[in-house]
Amino acid sequence: MISFIGRSAIQKIITLFFVSIVSFLIIHLAPGEPGQVDPMNPKFTPEVVERFKKEFHLDKPLHVQYLYFYQNLLTGKTVSWKDNQPVLKKIWERFLNSLPLFIVGTILTWTLSFPVGIRSAIFRGRLYDRSATFLSYLLISIPGFFFAYILIILVVTHFHVPVIGMETFGIGDASVLHIFMDRIWHLILPSVLGATGGIAVLSRYVRSQMLEVEGQDYVRTARAKGLPTEQVYYKHALRNALLPFVTMFGLILPGLIGGSVIIESIFSWPGMGRMAYEAILARDYPVILTVNFASAVLVLAGTFISDLLYLVVDPRIRL
Amino acid sequence: MTTRRVLILAPVLLILVLLQSYFWVPTYEQQTRGNPERLDKYIIGSIGDASILNPILSADSASSNIEDMVFEGLIDRDEQLRFRGRLATSWDVYEEAFFYVNESFSIPGLGKASPQEVADYIKEAKKKGDETWPGLRDSLDSITEISVIPPRNFSVIRHEKDPNNGKKKKDIKISVAAAAGIKLVLNRVDQGLFQNLSLLLGNDYFESFQGEDYLRTEPRLGKEKLAAYADELLPAFEHNPTLMFHLRPGVKFHDGHLFDAYDVKFTYESIMNPKNLSPRIADYEPVKTVKVIDPLTIKIVYKRLYSPAIGTWGMGILPEHLLNEQALKKEALRLGKDSDTFSMRQSTFSRKPVGCGPFRFREWKSDQYIALDRFDDYWEGPPNYKGYIFRVIADLLTQEMEFYAGTIDSYSVQPHQVKRLEKDPRFQSFSGIAFGYTYIGYNIRRKPFDDPRIRRALGMAIDIDKILNYVLYGQGKRITGPFVKQTDYYNHNIEPIPYDPKGALALLEAAGWKRNKAGWLEKDGERLKFTLITNSGNDLRKAILAIAQDAWKQIGIDVRTDLLEWSVFIQERVNKADFDALILGWQMGIDPDLYQIWHSSQTNPYQLNFVGFKNHEADDLIIKIRQEYDHDQQAEYCHRLHEIIAEEQPYTFLYVGKWTAVLDKRIVIKKVDDAGNVRYEKIKPTKTGSYSFHFNRWIKLPEAPILLDEG
């Protein structure tokens with residue numbers, strides 16, 4: 001067990017090292033310059049551009065820039081080029097904003113897709129299953145931004161309520177309860193949108209897992225010994241069908257930091273995804289790279305956690 | 001079965017909890033009823049957030065939007081786009097000129113003369129008022145003071161690259177024994193002064209002055225280098241245009257501190273301070289000295305004639321007492337940072353600015369909003385709105401939705417949205433000509449674009465009115481030259497190129513291009529073919545690309561097109577002048593200085609005259625325009641320059657776009673006369689198309705008023 005953890009930690013650190021190199025290279029090799037050293041901006045003379053480059057170490061060779069950057073990152077000294085704010089502080093603030101969206105979205109996804117998927121498996125081939133399948137594929141294939149616009153236009157033109165942002169703008173002196181409910185209202189649309197794709201995909205998984213387990217011997221045995229159908233499905237089949245989802249649960253961790261670029265932009269939600277997107281547009285390398293690095297860490301941590309979870313829930317696996 | 005019940009109940013409960021929140025959210029009507037303060041706030045929607053709220057450091061439009069509210073400059077532009085005093089009540093523009101006396105030169109009618117004799121000779125001529133040369137007479141009339149500057153010695157040390165070793169630098173000591181000179185003070189700026197004086201003093205009086213003779217260098221330098229240093233250190237003559245600003249007394253910063261001339265000087269010095277990395281440093285480079293005469297008078301002397309310099313004093317003035325060296329040191333100490341490297345850029349001032357504009361800063365939440373409060377001690381009287389809020393909404397449709405929900409008052413409305421909104425009785429809409437134009441530029445270095453007939457023919461083949469109607473939905477106007485259409489620099493006498501494919505073919509034929517059997521234009525067996533490029537991501541340009549290609553194909557030109565990603569387009573094609581023809585746009589300032597885009601010295605790689613336009617007369621006019629301080633004279637030069645550019649057609653000028661804006665009808669101008677009577681007026685755009693010119697007088701009423709001047 002301990003040797004597994006140790007081995008896996010070393011492997012992950014090596015992977016992280018390569019990820020850091022590759023992401024650094026990709027960002028620096030992509031065309032375009034940070035806004036502060038854009039040669040097309042007539043406001044900046046070549047001398048000013050030169051000085052900016054020096055200030056940001058952009059005049060140094062790539063490997064030196066790489067060392068400077070990760071040295072600053074690991075000592076927590078990285079600052080954004082756009083506004084000179086410390087990057088970690090910025091990310092933390094945005095992370096707190098993205099968190100409720102992520103939590104509500106995840107809860108919606110996981111609570112809705114199980115009943116839908118299980119029911120589909122039980123009534124497979126019938127009208128319910130077919131319409132659920134149709135709906136799932138519709139939701140998977142409809143572009144998120146399009147769906148978001150349609151929902152926003154419907155809600156705003158029919159109910160005349162604001163839906164953009166984290167709360168009604170300028171709500172000011174309302175009571176705490178009002179503000180709290182207002183915030184929940186503003187959470188609904190973006191988190192529903194964030195969850196739709198997940199629900200569609202996950203409910204498909206649940207359905208196929210249930211179907212697979214149903215064909216197993218022990219399910220037939222359970223039926224044969226005369227247990228009620230409900231108990232067969234919800235106790236014997238479901239428990240075993242759940243196993244692969246333990247792995248998936250570990251993999252939702254990276255979603256924490258990536259947020260949703262499109263939905264956060266459309267709803268002008270001041271979250272992580274939008275910050276990363278704006279950083280890319282402004283070629284704000286420190287922010288892009290830090291977010292990138294953090295999400296790499298989370299992906300690796302996610303896989304690690306799901307390995308461990310698997311170990312706990314599946315008695316057949318021993319290391 | 002519990003598992004089943006839990007599985008079904010959990011999502012149902014969750015959804016119910018979420019949905020019930022709808023009943024707590026204020027709707028459009030309730031919002032204004034329950035929250036009357038909403039009427040006192042003006043909320044503006046923006047795509048991007050501000051980056052740094054310090055007028056000398058920022059370079060983006062979002063930041064400058066806020067800075068315009070928080071900071072105030074010495075001057076700005078009035079409804080006619082002329083300069084108007086803000087923190088300055090008035091200003092004088094005059095000139096101090098200087099030249100070295102060449103004692104070895106024989107002046108006609110005087111012979112070799114000492115400095116005093118030359119000065120007396122000029123005084124004499126001024127008194128006589130000879131009418132032979134009216135130009136000279138005018139120049140002499142404008143002289144108010146003549147004095148002799150005695151000879152002086154000084155030395156400077158310059159670093160230069162070692163010719164043998166590129167990396168090493170060597171010091172050069174230059175000792176200057178400057179000759180005596182004469183200083184003239186004029187009551188205006190006269191760019192023809194020395195030209196006119198040479199009528200009096202002899203044709204080559206100024207050219208014959210050899211600065212090299214007064215220089216000694218250690219180590220010795222080659223002739224060319226020496227001449228370059230002589231030009232720099234001892235120019236035969238010098239114009240020093242001077243601006244004297246008289247400042248408004250009793251103006252306060254938001255923290256109550258009084259504004260004075262030292263703040264102006266400090267702002268200038270901060271821009272020039274290399275530690276601050278100000279992007280505006282180039283604007284102020286021509287300044288020679290800034291001198292505080294008394295707390296309410298400041299004198300700015302320039303190194304050379306450069307008339308766009310006046311406009312730079314619209315720059316927001318920084319409060320010295322919050323940003324000077326002691327203040328920054330204190331802040332660095334408080335934040336635990338190294339006080340030697342700590343500059344204005346790191347200061348928290350840029351996140352909570354203090355100026356003397358109509359609104360004071362309250363709060364900034366990154367990517368959400370910036371809130372400003374009205375400044376009650378504003379020198380012109382406080383604005384009507386109590387708050388100004390700048391909201392960041394990254395998406396256009398979302399902005400429109402927020403506008404409908406009443407949570408923003410203004411946003412960057414799109415042409416097609418205007419069509420929909422202008423019929424709505426709840427709103428009022430405005431539109432006017434913008435400051436930017438779109439053009440097709442030809443690489444004049446390449447054949448066949450070196451022939452102006454070809455460039456004109458290409459322009460004649462395109463039906464620009466069609467572009468205006470079908471691509472821009474009428475939200476654009478024709479333009480014939482590079483000046484802002486609503487200023488008097490623009491020459492309205494120039495007719496736009498007509499749409500005339502037959503005429504185009506005739507012109508091409510005159511240039512030697514004939515249609516062959518297959519219909520292609522040919523000259524010496526070669527087909528007329530080239531590639532037209534533009535950047536991807538701009539649908540208007542993409543549409544124009546297709547229209548131009550089609551129009552040119554119809555007269556037999558083999559045109560290829562290409563769309564390139566913006567940074568590739570700029571870095572690989574535009575900067576390196578590697579293109580045949582391209583579609584691009586320029587954003588113009590009001591000032592008519594065209595040096596960067598049209599002067600022949602700016603045609604090298606990475607410079608903005610990438611089409612390679614070179615014209616001797618145009619160069620001359622461009623220099624004259626930037627040296628002229630008299631508005632009418634400047635406009636005259638501009639009209640001629642406009643003519644030349646329209647004649648040469650280095651660009652096919654396509655159109656200038658229109659800006660549009662929509663506001664709630666309940667927003668009106670509120671005026672209070674001396675007797676205290678309140679009068680409401682409809683908001684009207686000024687002649688030059690600024691609808692928010694009277695913003696400080698705006699207010700939102702609970703009900704749309706019936707206005708007398710509406711009918």
# chains A, B, ... in the order shown; residues from 1 in each chain; ligands from 1
>>> interface_residues(of="chain B", to="chain A", cutoff="7 Å", atoms="only C-alpha atoms", output="MDAnalysis selection string")
chainID B and resid 3:4 7:8 10:11 18 21:22 24:28 51:52 277 279:280 282 346 367:368 393:395 398 401:402 405 407 567:568
>>> select_by_dssp(residues="region 138-302 of chain A", states="alpha helix (DSSP H)", output="JSON, numbers by chain")
{"A": [138, 139, 140, 141, 144, 145, 146, 147, 148, 149, 150, 151, 152, 153, 154, 155, 156, 157, 158, 159, 176, 177, 178, 179, 180, 181, 182, 183, 184, 185, 186, 187, 188, 189, 190, 191, 192, 193, 194, 195, 196, 197, 198, 199, 200, 201, 202, 203, 204, 205, 206, 207, 208, 209, 210, 211, 212, 213, 214, 217, 218, 219, 220, 221, 222, 223, 224, 229, 230, 231, 238, 239, 240, 241, 243, 244, 245, 246, 247, 248, 249, 250, 251, 255, 256, 257, 258, 261, 262, 263, 264, 265, 266, 272, 273, 274, 275, 276, 277, 278, 279, 280, 281, 285, 286, 287, 288, 289, 290, 291, 292, 293, 294, 295, 296, 297, 298, 299, 300, 301, 302]}
>>> residues_around(residues="Leu311 (chain A)", least_positions_apart="3", cutoff="12 Å", atoms="only C-alpha atoms", output="list in words")
Met1, Phe4, Ile5, Leu243, Val246, Thr247, Phe304, Ile305, Ser306, Asp307, Leu308, Asp314, Pro315, Arg316, Ile317, Arg318 and Leu319 of chain A
>>> write_last_selection(atoms="N, CA and C atoms", output="PDB file, in the first residue's frame")
ATOM      1  N   MET A   1       0.827  -1.208   0.000  1.00  0.00           N
ATOM      2  CA  MET A   1       0.000   0.000   0.000  1.00  0.00           C
ATOM      3  C   MET A   1       0.861   1.257   0.000  1.00  0.00           C
ATOM      4  N   PHE A   4       2.840   1.613  -3.029  1.00  0.00           N
ATOM      5  CA  PHE A   4       2.017   2.074  -4.149  1.00  0.00           C
ATOM      6  C   PHE A   4       1.899   3.594  -4.136  1.00  0.00           C
ATOM      7  N   ILE A   5       1.635   4.115  -2.917  1.00  0.00           N
ATOM      8  CA  ILE A   5       1.494   5.569  -2.820  1.00  0.00           C
ATOM      9  C   ILE A   5       2.790   6.253  -3.210  1.00  0.00           C
ATOM     10  N   LEU A 243     -19.484   0.725  -9.183  1.00  0.00           N
ATOM     11  CA  LEU A 243     -18.020   0.701  -9.117  1.00  0.00           C
ATOM     12  C   LEU A 243     -17.307   1.668 -10.070  1.00  0.00           C
ATOM     13  N   VAL A 246     -16.955   5.430  -9.149  1.00  0.00           N
ATOM     14  CA  VAL A 246     -15.971   5.863  -8.163  1.00  0.00           C
ATOM     15  C   VAL A 246     -14.788   6.499  -8.882  1.00  0.00           C
ATOM     16  N   THR A 247     -14.356   5.878  -9.978  1.00  0.00           N
ATOM     17  CA  THR A 247     -13.266   6.450 -10.773  1.00  0.00           C
ATOM     18  C   THR A 247     -13.658   7.815 -11.310  1.00  0.00           C
ATOM     19  N   PHE A 304      -5.227  10.002  -8.606  1.00  0.00           N
ATOM     20  CA  PHE A 304      -4.672   9.374  -7.413  1.00  0.00           C
ATOM     21  C   PHE A 304      -5.785   9.019  -6.428  1.00  0.00           C
ATOM     22  N   ILE A 305      -6.666  10.000  -6.216  1.00  0.00           N
ATOM     23  CA  ILE A 305      -7.775   9.767  -5.283  1.00  0.00           C
ATOM     24  C   ILE A 305      -8.676   8.649  -5.797  1.00  0.00           C
ATOM     25  N   SER A 306      -8.942   8.647  -7.095  1.00  0.00           N
ATOM     26  CA  SER A 306      -9.853   7.604  -7.580  1.00  0.00           C
ATOM     27  C   SER A 306      -9.201   6.225  -7.476  1.00  0.00           C
ATOM     28  N   ASP A 307      -7.876   6.163  -7.654  1.00  0.00           N
ATOM     29  CA  ASP A 307      -7.177   4.896  -7.422  1.00  0.00           C
ATOM     30  C   ASP A 307      -7.409   4.416  -5.994  1.00  0.00           C
ATOM     31  N   LEU A 308      -7.227   5.359  -5.079  1.00  0.00           N
ATOM     32  CA  LEU A 308      -7.378   4.996  -3.661  1.00  0.00           C
ATOM     33  C   LEU A 308      -8.811   4.575  -3.353  1.00  0.00           C
ATOM     34  N   ASP A 314     -13.622  -1.674  -3.757  1.00  0.00           N
ATOM     35  CA  ASP A 314     -13.622  -2.960  -4.438  1.00  0.00           C
ATOM     36  C   ASP A 314     -12.700  -3.941  -3.732  1.00  0.00           C
ATOM     37  N   PRO A 315     -13.261  -4.860  -2.982  1.00  0.00           N
ATOM     38  CA  PRO A 315     -12.418  -5.772  -2.191  1.00  0.00           C
ATOM     39  C   PRO A 315     -11.579  -6.699  -3.070  1.00  0.00           C
ATOM     40  N   ARG A 316     -11.886  -6.795  -4.367  1.00  0.00           N
ATOM     41  CA  ARG A 316     -11.121  -7.699  -5.226  1.00  0.00           C
ATOM     42  C   ARG A 316      -9.745  -7.139  -5.543  1.00  0.00           C
ATOM     43  N   ILE A 317      -9.604  -5.782  -5.393  1.00  0.00           N
ATOM     44  CA  ILE A 317      -8.326  -5.170  -5.766  1.00  0.00           C
ATOM     45  C   ILE A 317      -7.458  -5.021  -4.529  1.00  0.00           C
ATOM     46  N   ARG A 318      -6.267  -5.588  -4.578  1.00  0.00           N
ATOM     47  CA  ARG A 318      -5.297  -5.450  -3.487  1.00  0.00           C
ATOM     48  C   ARG A 318      -3.953  -5.121  -4.093  1.00  0.00           C
ATOM     49  N   LEU A 319      -3.260  -4.236  -3.424  1.00  0.00           N
ATOM     50  CA  LEU A 319      -1.963  -3.866  -4.003  1.00  0.00           C
ATOM     51  C   LEU A 319      -0.826  -4.412  -3.161  1.00  0.00           C
TER      52      LEU A 319
END
>>> closest_residue(among="A:Arg283, A:His236, A:Lys60, A:Lys12", to="Met210 (chain A)", atoms="only C-alpha atoms")
A:His236
>>> atom_distance(atom1="CA of Phe98 (chain B)", atom2="CA of His246 (chain B)")
25.1 Å
>>> closest_residue(among="B:Gly481, B:Ala504, B:Ile43, B:Gln475", to="Ala457 (chain B)", atoms="only C-alpha atoms")
B:Ala504
>>> atom_distance(atom1="CA of Ala178 (chain B)", atom2="CA of Glu207 (chain B)")
16.4 Å
>>> residues_around(residues="Lys423 (chain B)", least_positions_apart="6", cutoff="12 Å", atoms="only C-alpha atoms", output="VMD selection string")
chain B and resid 417 429 662
>>> write_last_selection(atoms="all heavy atoms", output="PDB file, in the first residue's frame")
ATOM      1  N   GLN B 417     -29.247  45.814 -33.483  1.00  0.00           N
ATOM      2  CA  GLN B 417     -30.074  45.964 -32.281  1.00  0.00           C
ATOM      3  C   GLN B 417     -30.738  47.341 -32.266  1.00  0.00           C
ATOM      4  O   GLN B 417     -31.867  47.484 -31.803  1.00  0.00           O
ATOM      5  CB  GLN B 417     -29.225  45.790 -31.019  1.00  0.00           C
ATOM      6  CG  GLN B 417     -28.647  44.395 -30.886  1.00  0.00           C
ATOM      7  CD  GLN B 417     -27.711  44.282 -29.707  1.00  0.00           C
ATOM      8  OE1 GLN B 417     -27.160  45.261 -29.227  1.00  0.00           O
ATOM      9  NE2 GLN B 417     -27.516  43.077 -29.230  1.00  0.00           N
ATOM     10  N   SER B 429     -32.739  56.898 -29.010  1.00  0.00           N
ATOM     11  CA  SER B 429     -31.503  56.401 -29.615  1.00  0.00           C
ATOM     12  C   SER B 429     -30.746  57.523 -30.306  1.00  0.00           C
ATOM     13  O   SER B 429     -31.313  58.534 -30.702  1.00  0.00           O
ATOM     14  CB  SER B 429     -31.805  55.286 -30.607  1.00  0.00           C
ATOM     15  OG  SER B 429     -32.514  55.803 -31.694  1.00  0.00           O
ATOM     16  N   VAL B 662     -28.172  53.767 -27.236  1.00  0.00           N
ATOM     17  CA  VAL B 662     -29.568  53.738 -26.843  1.00  0.00           C
ATOM     18  C   VAL B 662     -29.642  54.044 -25.351  1.00  0.00           C
ATOM     19  O   VAL B 662     -28.827  53.570 -24.576  1.00  0.00           O
ATOM     20  CB  VAL B 662     -30.195  52.354 -27.121  1.00  0.00           C
ATOM     21  CG1 VAL B 662     -31.605  52.289 -26.602  1.00  0.00           C
ATOM     22  CG2 VAL B 662     -30.180  52.065 -28.599  1.00  0.00           C
TER      23      VAL B 662
END
>>> atom_distance(atom1="CA of Lys288 (chain B)", atom2="CA of Gln210 (chain B)")
23.7 Å
>>> residues_around(residues="Val19 (chain A)", least_positions_apart="6", cutoff="10 Å", atoms="only C-alpha atoms", output="MDAnalysis selection string")
chainID A and resid 13 25 292:293 296:297
>>> write_last_selection(atoms="N, CA and C atoms", output="tab-separated table (two decimals), in the first residue's frame")
chain	number	residue	atom	x	y	z
A	13	ILE	N	4.98	13.27	-10.03
A	13	ILE	CA	5.86	14.44	-10.04
A	13	ILE	C	6.59	14.53	-11.38
A	25	LEU	N	6.13	25.84	-23.07
A	25	LEU	CA	6.54	25.98	-24.47
A	25	LEU	C	5.37	26.39	-25.36
A	292	ASN	N	-2.90	26.67	-15.47
A	292	ASN	CA	-2.55	25.44	-16.14
A	292	ASN	C	-1.88	24.44	-15.20
A	293	PHE	N	-0.93	24.97	-14.45
A	293	PHE	CA	-0.18	24.13	-13.53
A	293	PHE	C	-1.12	23.59	-12.45
A	296	ALA	N	-3.24	20.87	-13.77
A	296	ALA	CA	-2.47	19.64	-13.94
A	296	ALA	C	-2.34	18.92	-12.60
A	297	VAL	N	-2.05	19.70	-11.57
A	297	VAL	CA	-1.93	19.11	-10.23
A	297	VAL	C	-3.24	18.44	-9.84
>>> residues_around(residues="Trp313 (chain B)", least_positions_apart="3", cutoff="9 Å", atoms="only C-alpha atoms", output="JSON, numbers by chain")
{"B": [73, 74, 75, 76, 309, 310, 316, 317]}
>>> write_last_selection(atoms="N, CA and C atoms", output="PDB file, in the first residue's frame")
ATOM      1  N   GLY B  73      -8.129  67.032 -16.785  1.00  0.00           N
ATOM      2  CA  GLY B  73      -6.941  67.584 -17.419  1.00  0.00           C
ATOM      3  C   GLY B  73      -6.962  69.096 -17.394  1.00  0.00           C
ATOM      4  N   LEU B  74      -5.901  69.689 -17.914  1.00  0.00           N
ATOM      5  CA  LEU B  74      -5.854  71.154 -17.962  1.00  0.00           C
ATOM      6  C   LEU B  74      -6.870  71.668 -18.982  1.00  0.00           C
ATOM      7  N   ILE B  75      -6.998  70.930 -20.098  1.00  0.00           N
ATOM      8  CA  ILE B  75      -7.895  71.365 -21.160  1.00  0.00           C
ATOM      9  C   ILE B  75      -8.653  70.153 -21.694  1.00  0.00           C
ATOM     10  N   ASP B  76      -9.694  70.373 -22.448  1.00  0.00           N
ATOM     11  CA  ASP B  76     -10.293  69.292 -23.223  1.00  0.00           C
ATOM     12  C   ASP B  76     -10.904  69.913 -24.478  1.00  0.00           C
ATOM     13  N   ALA B 309       1.284  68.725 -29.499  1.00  0.00           N
ATOM     14  CA  ALA B 309       1.642  68.737 -28.080  1.00  0.00           C
ATOM     15  C   ALA B 309       0.581  69.406 -27.217  1.00  0.00           C
ATOM     16  N   ILE B 310      -0.148  70.371 -27.753  1.00  0.00           N
ATOM     17  CA  ILE B 310      -1.141  71.064 -26.913  1.00  0.00           C
ATOM     18  C   ILE B 310      -2.175  70.068 -26.412  1.00  0.00           C
ATOM     19  N   GLY B 316      -5.106  63.540 -17.561  1.00  0.00           N
ATOM     20  CA  GLY B 316      -5.555  63.726 -16.184  1.00  0.00           C
ATOM     21  C   GLY B 316      -4.380  64.065 -15.265  1.00  0.00           C
ATOM     22  N   ILE B 317      -4.610  65.005 -14.363  1.00  0.00           N
ATOM     23  CA  ILE B 317      -3.526  65.468 -13.492  1.00  0.00           C
ATOM     24  C   ILE B 317      -3.505  64.629 -12.217  1.00  0.00           C
TER      25      ILE B 317
END
>>> residues_around(residues="Met460 (chain B)", least_positions_apart="3", cutoff="10 Å", atoms="only C-alpha atoms", output="MDAnalysis selection string")
chainID B and resid 454:457 463:464 496:505 507 551:552 652
